[in-house]
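Engineer: Just model_25.cif, nothing more (mmCIF, N, CA, C and O atoms):
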data_run
#
loop_
_atom_site.label_atom_id
_atom_site.label_comp_id
_atom_site.auth_asym_id
_atom_site.auth_seq_id
_atom_site.Cartn_x
_atom_site.Cartn_y
_atom_site.Cartn_z
N MET G 15 96.98 87.27 117.27
CA MET G 15 98.12 87.26 116.39
C MET G 15 97.85 86.36 115.19
O MET G 15 98.60 85.48 114.86
N ASN G 16 96.73 86.61 114.54
CA ASN G 16 96.35 85.84 113.37
C ASN G 16 96.83 86.48 112.08
O ASN G 16 96.52 85.99 111.00
N ASP G 17 97.56 87.58 112.20
CA ASP G 17 98.03 88.30 111.03
C ASP G 17 99.19 87.55 110.37
O ASP G 17 100.05 87.00 111.05
N ARG G 18 99.19 87.57 109.06
CA ARG G 18 100.29 86.96 108.30
C ARG G 18 101.34 88.03 108.07
O ARG G 18 101.02 89.17 107.72
N TYR G 19 102.61 87.69 108.26
CA TYR G 19 103.70 88.63 108.08
C TYR G 19 104.40 88.37 106.76
O TYR G 19 104.78 87.25 106.46
N LEU G 20 104.55 89.43 105.98
CA LEU G 20 105.09 89.32 104.62
C LEU G 20 106.47 89.94 104.54
O LEU G 20 106.77 90.93 105.21
N SER G 21 107.30 89.39 103.67
CA SER G 21 108.61 89.98 103.41
C SER G 21 108.43 91.17 102.48
O SER G 21 107.37 91.38 101.89
N VAL G 22 109.49 91.94 102.33
CA VAL G 22 109.46 93.10 101.44
C VAL G 22 109.15 92.66 100.01
O VAL G 22 108.36 93.29 99.31
N ASP G 23 109.77 91.57 99.58
CA ASP G 23 109.53 91.06 98.23
C ASP G 23 108.08 90.62 98.03
O ASP G 23 107.50 90.84 96.98
N GLN G 24 107.49 89.99 99.04
CA GLN G 24 106.09 89.57 98.95
C GLN G 24 105.16 90.77 98.86
O GLN G 24 104.19 90.76 98.11
N VAL G 25 105.45 91.82 99.63
CA VAL G 25 104.63 93.04 99.58
C VAL G 25 104.76 93.69 98.21
O VAL G 25 103.77 94.14 97.63
N ALA G 26 105.98 93.73 97.69
CA ALA G 26 106.19 94.32 96.36
C ALA G 26 105.40 93.56 95.31
O ALA G 26 104.76 94.17 94.44
N GLU G 27 105.39 92.25 95.39
CA GLU G 27 104.64 91.45 94.43
C GLU G 27 103.14 91.70 94.58
O GLU G 27 102.42 91.83 93.60
N LEU G 28 102.68 91.79 95.82
CA LEU G 28 101.26 92.05 96.09
C LEU G 28 100.82 93.40 95.54
O LEU G 28 99.73 93.53 94.98
N LEU G 29 101.69 94.41 95.65
CA LEU G 29 101.37 95.75 95.17
C LEU G 29 101.69 95.93 93.69
O LEU G 29 101.31 96.94 93.10
N GLY G 30 102.41 94.99 93.11
CA GLY G 30 102.78 95.10 91.70
C GLY G 30 103.88 96.12 91.48
O GLY G 30 103.87 96.83 90.46
N THR G 31 104.80 96.23 92.42
CA THR G 31 105.90 97.18 92.33
C THR G 31 107.23 96.45 92.49
O THR G 31 107.26 95.24 92.70
N THR G 32 108.30 97.20 92.44
CA THR G 32 109.60 96.63 92.77
C THR G 32 109.76 96.65 94.29
O THR G 32 108.99 97.29 95.00
N ALA G 33 110.78 95.98 94.80
CA ALA G 33 111.04 95.92 96.24
C ALA G 33 111.42 97.30 96.78
O ALA G 33 111.30 97.56 97.98
N ARG G 34 111.85 98.17 95.92
CA ARG G 34 112.27 99.51 96.35
C ARG G 34 111.11 100.30 96.96
O ARG G 34 111.31 101.06 97.92
N PHE G 35 109.91 100.13 96.43
CA PHE G 35 108.75 100.89 96.92
C PHE G 35 108.40 100.53 98.37
O PHE G 35 108.31 101.44 99.22
N PRO G 36 108.22 99.24 98.72
CA PRO G 36 107.94 98.93 100.14
C PRO G 36 109.10 99.34 101.06
O PRO G 36 108.88 99.77 102.19
N ARG G 37 110.33 99.22 100.58
CA ARG G 37 111.47 99.65 101.40
C ARG G 37 111.39 101.15 101.68
O ARG G 37 111.71 101.60 102.78
N ARG G 38 110.97 101.93 100.70
CA ARG G 38 110.83 103.36 100.89
C ARG G 38 109.70 103.66 101.88
O ARG G 38 109.82 104.55 102.73
N LEU G 39 108.60 102.91 101.79
CA LEU G 39 107.49 103.08 102.75
C LEU G 39 107.97 102.83 104.17
O LEU G 39 107.59 103.54 105.10
N ILE G 40 108.80 101.82 104.33
CA ILE G 40 109.35 101.49 105.65
C ILE G 40 110.28 102.59 106.12
O ILE G 40 110.17 103.06 107.26
N GLU G 41 111.17 103.03 105.26
CA GLU G 41 112.14 104.07 105.63
C GLU G 41 111.45 105.36 106.04
O GLU G 41 111.85 106.03 106.99
N GLU G 42 110.36 105.72 105.34
CA GLU G 42 109.63 106.95 105.62
C GLU G 42 108.57 106.75 106.71
O GLU G 42 107.82 107.67 107.01
N ARG G 43 108.50 105.54 107.26
CA ARG G 43 107.54 105.18 108.32
C ARG G 43 106.10 105.43 107.89
O ARG G 43 105.27 105.91 108.66
N ARG G 44 105.79 105.10 106.64
CA ARG G 44 104.44 105.28 106.12
C ARG G 44 103.62 104.00 106.20
O ARG G 44 102.45 103.99 105.84
N ILE G 45 104.25 102.90 106.66
CA ILE G 45 103.56 101.63 106.82
C ILE G 45 104.12 100.94 108.07
O ILE G 45 105.29 101.11 108.41
N ARG G 46 103.24 100.21 108.76
CA ARG G 46 103.68 99.48 109.96
C ARG G 46 104.56 98.30 109.56
O ARG G 46 104.32 97.68 108.53
N TYR G 47 105.55 98.01 110.37
CA TYR G 47 106.41 96.85 110.11
C TYR G 47 106.97 96.32 111.42
O TYR G 47 106.89 96.98 112.45
N VAL G 48 107.54 95.12 111.35
CA VAL G 48 108.12 94.46 112.51
C VAL G 48 109.54 94.05 112.14
O VAL G 48 109.77 93.52 111.06
N LYS G 49 110.48 94.31 113.05
CA LYS G 49 111.85 93.85 112.84
C LYS G 49 112.06 92.59 113.65
O LYS G 49 111.84 92.56 114.85
N VAL G 50 112.47 91.53 112.97
CA VAL G 50 112.79 90.26 113.61
C VAL G 50 114.26 90.01 113.33
O VAL G 50 114.62 89.56 112.24
N GLY G 51 115.10 90.37 114.29
CA GLY G 51 116.54 90.32 114.04
C GLY G 51 116.88 91.33 112.97
O GLY G 51 116.55 92.50 113.07
N ARG G 52 117.49 90.87 111.90
CA ARG G 52 117.81 91.78 110.80
C ARG G 52 116.76 91.74 109.70
O ARG G 52 116.87 92.43 108.70
N HIS G 53 115.72 90.94 109.89
CA HIS G 53 114.66 90.80 108.90
C HIS G 53 113.53 91.79 109.18
O HIS G 53 113.21 92.06 110.32
N VAL G 54 112.93 92.28 108.12
CA VAL G 54 111.78 93.19 108.23
C VAL G 54 110.56 92.46 107.69
O VAL G 54 110.60 91.89 106.60
N ARG G 55 109.49 92.46 108.46
CA ARG G 55 108.24 91.84 108.04
C ARG G 55 107.12 92.85 108.18
O ARG G 55 107.08 93.64 109.12
N ILE G 56 106.21 92.80 107.23
CA ILE G 56 105.08 93.74 107.20
C ILE G 56 103.80 92.94 107.39
O ILE G 56 103.52 92.02 106.62
N PRO G 57 103.00 93.29 108.42
CA PRO G 57 101.73 92.58 108.61
C PRO G 57 100.81 92.79 107.40
O PRO G 57 100.76 93.88 106.83
N GLU G 58 100.12 91.73 107.03
CA GLU G 58 99.21 91.82 105.89
C GLU G 58 98.14 92.89 106.12
O GLU G 58 97.76 93.61 105.20
N SER G 59 97.71 93.05 107.37
CA SER G 59 96.71 94.08 107.68
C SER G 59 97.28 95.48 107.44
O SER G 59 96.54 96.38 107.06
N ALA G 60 98.58 95.67 107.63
CA ALA G 60 99.20 96.98 107.38
C ALA G 60 99.17 97.31 105.89
O ALA G 60 98.96 98.47 105.52
N VAL G 61 99.36 96.30 105.06
CA VAL G 61 99.30 96.52 103.61
C VAL G 61 97.88 96.89 103.21
O VAL G 61 97.66 97.83 102.44
N GLU G 62 96.89 96.19 103.77
CA GLU G 62 95.49 96.48 103.47
C GLU G 62 95.13 97.90 103.94
O GLU G 62 94.44 98.63 103.23
N GLU G 63 95.60 98.30 105.13
CA GLU G 63 95.34 99.65 105.64
C GLU G 63 95.97 100.70 104.73
O GLU G 63 95.36 101.74 104.46
N PHE G 64 97.19 100.44 104.28
CA PHE G 64 97.87 101.37 103.40
C PHE G 64 97.08 101.57 102.11
O PHE G 64 96.87 102.69 101.66
N ILE G 65 96.62 100.47 101.53
CA ILE G 65 95.84 100.54 100.28
C ILE G 65 94.53 101.29 100.52
O ILE G 65 94.17 102.18 99.74
N GLN G 66 93.82 100.96 101.59
CA GLN G 66 92.53 101.61 101.88
C GLN G 66 92.70 103.11 102.14
O GLN G 66 91.85 103.90 101.74
N SER G 67 93.78 103.49 102.79
CA SER G 67 93.97 104.91 103.12
C SER G 67 94.27 105.75 101.89
O SER G 67 94.14 106.97 101.91
N ARG G 68 94.67 105.10 100.80
CA ARG G 68 94.98 105.83 99.57
C ARG G 68 93.95 105.60 98.47
O ARG G 68 94.16 105.95 97.32
N MET G 69 92.82 105.03 98.84
CA MET G 69 91.76 104.75 97.89
C MET G 69 91.12 106.06 97.43
O MET G 69 90.78 106.91 98.24
N VAL G 70 91.01 106.23 96.15
CA VAL G 70 90.40 107.43 95.58
C VAL G 70 89.08 107.01 94.94
O VAL G 70 89.04 106.20 94.02
N GLU G 71 88.00 107.57 95.46
CA GLU G 71 86.66 107.24 94.95
C GLU G 71 86.37 108.11 93.72
O GLU G 71 86.78 109.27 93.67
N PRO G 72 85.64 107.57 92.75
CA PRO G 72 85.31 108.37 91.57
C PRO G 72 84.31 109.47 91.91
O PRO G 72 83.51 109.34 92.83
N LEU G 73 84.37 110.55 91.15
CA LEU G 73 83.43 111.65 91.33
C LEU G 73 82.12 111.31 90.63
O LEU G 73 82.11 110.72 89.55
N ARG G 74 81.03 111.73 91.22
CA ARG G 74 79.71 111.55 90.61
C ARG G 74 79.34 112.84 89.90
O ARG G 74 79.26 113.89 90.52
N ARG G 75 79.14 112.78 88.61
CA ARG G 75 78.75 113.97 87.86
C ARG G 75 77.26 113.93 87.58
O ARG G 75 76.69 112.86 87.34
N SER G 76 76.66 115.08 87.56
CA SER G 76 75.23 115.14 87.27
C SER G 76 75.02 114.93 85.78
O SER G 76 75.83 115.30 84.95
N ARG G 77 73.88 114.35 85.43
CA ARG G 77 73.58 114.07 84.02
C ARG G 77 73.34 115.35 83.22
O ARG G 77 73.57 115.40 82.03
N ALA G 78 72.85 116.41 83.86
CA ALA G 78 72.51 117.65 83.15
C ALA G 78 73.76 118.25 82.47
O ALA G 78 73.65 118.88 81.43
N ARG G 79 74.88 118.02 83.00
CA ARG G 79 76.11 118.57 82.46
C ARG G 79 76.45 117.97 81.10
O ARG G 79 77.02 118.62 80.24
N HIS G 80 76.08 116.74 80.88
CA HIS G 80 76.41 116.06 79.64
C HIS G 80 75.28 116.07 78.61
O HIS G 80 75.47 115.65 77.48
N GLY G 81 74.14 116.54 79.00
CA GLY G 81 72.97 116.42 78.15
C GLY G 81 72.87 117.46 77.03
O GLY G 81 72.06 117.28 76.11
N ARG G 82 73.62 118.50 77.05
CA ARG G 82 73.47 119.56 76.05
C ARG G 82 74.65 119.62 75.08
O ARG G 82 75.78 119.48 75.47
N ALA G 83 74.33 119.85 73.85
CA ALA G 83 75.36 120.04 72.84
C ALA G 83 75.54 121.54 72.61
O ALA G 83 74.62 122.33 72.79
N ALA G 84 76.67 121.94 72.14
CA ALA G 84 76.95 123.37 71.94
C ALA G 84 76.24 123.95 70.76
O ALA G 84 75.79 123.49 69.83
#
Please, can you express the file's structure as structure tokens?

Structural biologist:
Amino acid sequence: MNDRYLSVDQVAELLGTTARFPRRLIEERRIRYVKVGRHVRIPESAVEEFIQSRMVEPLRRSRARHGRAA
């Protein structure tokens, strides 16, 4: 249990969004969270997993495509 638990506002700040975005992720069950009484906390590892699962890698283009002029 070495994971740090973040509030909705802390997650929003980490992601650079408003608090509405993490709340929507929680409502749609797209991110793991913990309820402590009436408080909602999101494990830091869940935020990292969410970011990694949506990572888009750049496409590698071949050089031959750019080498010719019309």

Engineer: Between G:Ile65, G:Ala33, G:Val50, G:Ile56, which is the closest to Tyr19 of chain G once you count all atoms listed in the file?

Structural biologist: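 For Tyr19 of chain G, the nearest of the given residues is G:Ile56.
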
Engineer: Using all atoms listed in the file, find the one residue out of G:Lys49, G:Val22, G:Asn16, G:Arg68 that sits nearest to Pro36 of chain G.

Structural biologist: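 Selected residue with least distance to Pro36 of chain G: G:Val22.
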
Engineer: Could you check the closest approach to Arg44 of chain G for each of G:Arg75, G:Gln24, G:Ala60, G:Asp17 and tell me which residue wins, using only C-alpha atoms?

Structural biologist: G:Ala60

Engineer: Could you work out how far atom C of Val48 of chain G lies from atom O of Glu63 of chain G, giving the answer in Å with one decimal?

Structural biologist: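 Computing the Euclidean distance for atom O of Glu63 of chain G and atom C of Val48 of chain G yields 17.9 Å.
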
Engineer: Could you find all residues in segment 18-84 of chain G that DSSP calls strand (DSSP E or B) from the backbone, and write them as a count of residues only?

Structural biologist: 10

Engineer: Quick one, how far is atom N of Val54 of chain G from atom N of Asp23 of chain G?

Structural biologist: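 Calculated distance between atom N of Val54 of chain G and atom N of Asp23 of chain G is 9.1 Å.
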
Engineer: Separation of atom C of Val25 of chain G and atom N of Leu73 of chain G, in Å?

Structural biologist: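 Taking atom C of Val25 of chain G and atom N of Leu73 of chain G, their separation equals 27.4 Å.
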
Engineer: With distances taken over all atoms listed in the file, which of G:Arg52, G:Arg37, G:Arg46, G:Pro57 is nearest to Leu20 of chain G?

Structural biologist: G:Pro57

Engineer: Please return, as a PyMOL selection string, all residues of segment 17-67 of chain G that DSSP assigns to alpha helix (DSSP H) on the basis of the backbone.

Structural biologist: chain G and resi 22-29+34-41+58-67

Engineer: Between G:Val61, G:Val70, G:Ser76, G:Thr31, which has the minimum distance to Ile45 of chain G (counting only C-alpha atoms)?

Structural biologist: G:Val61
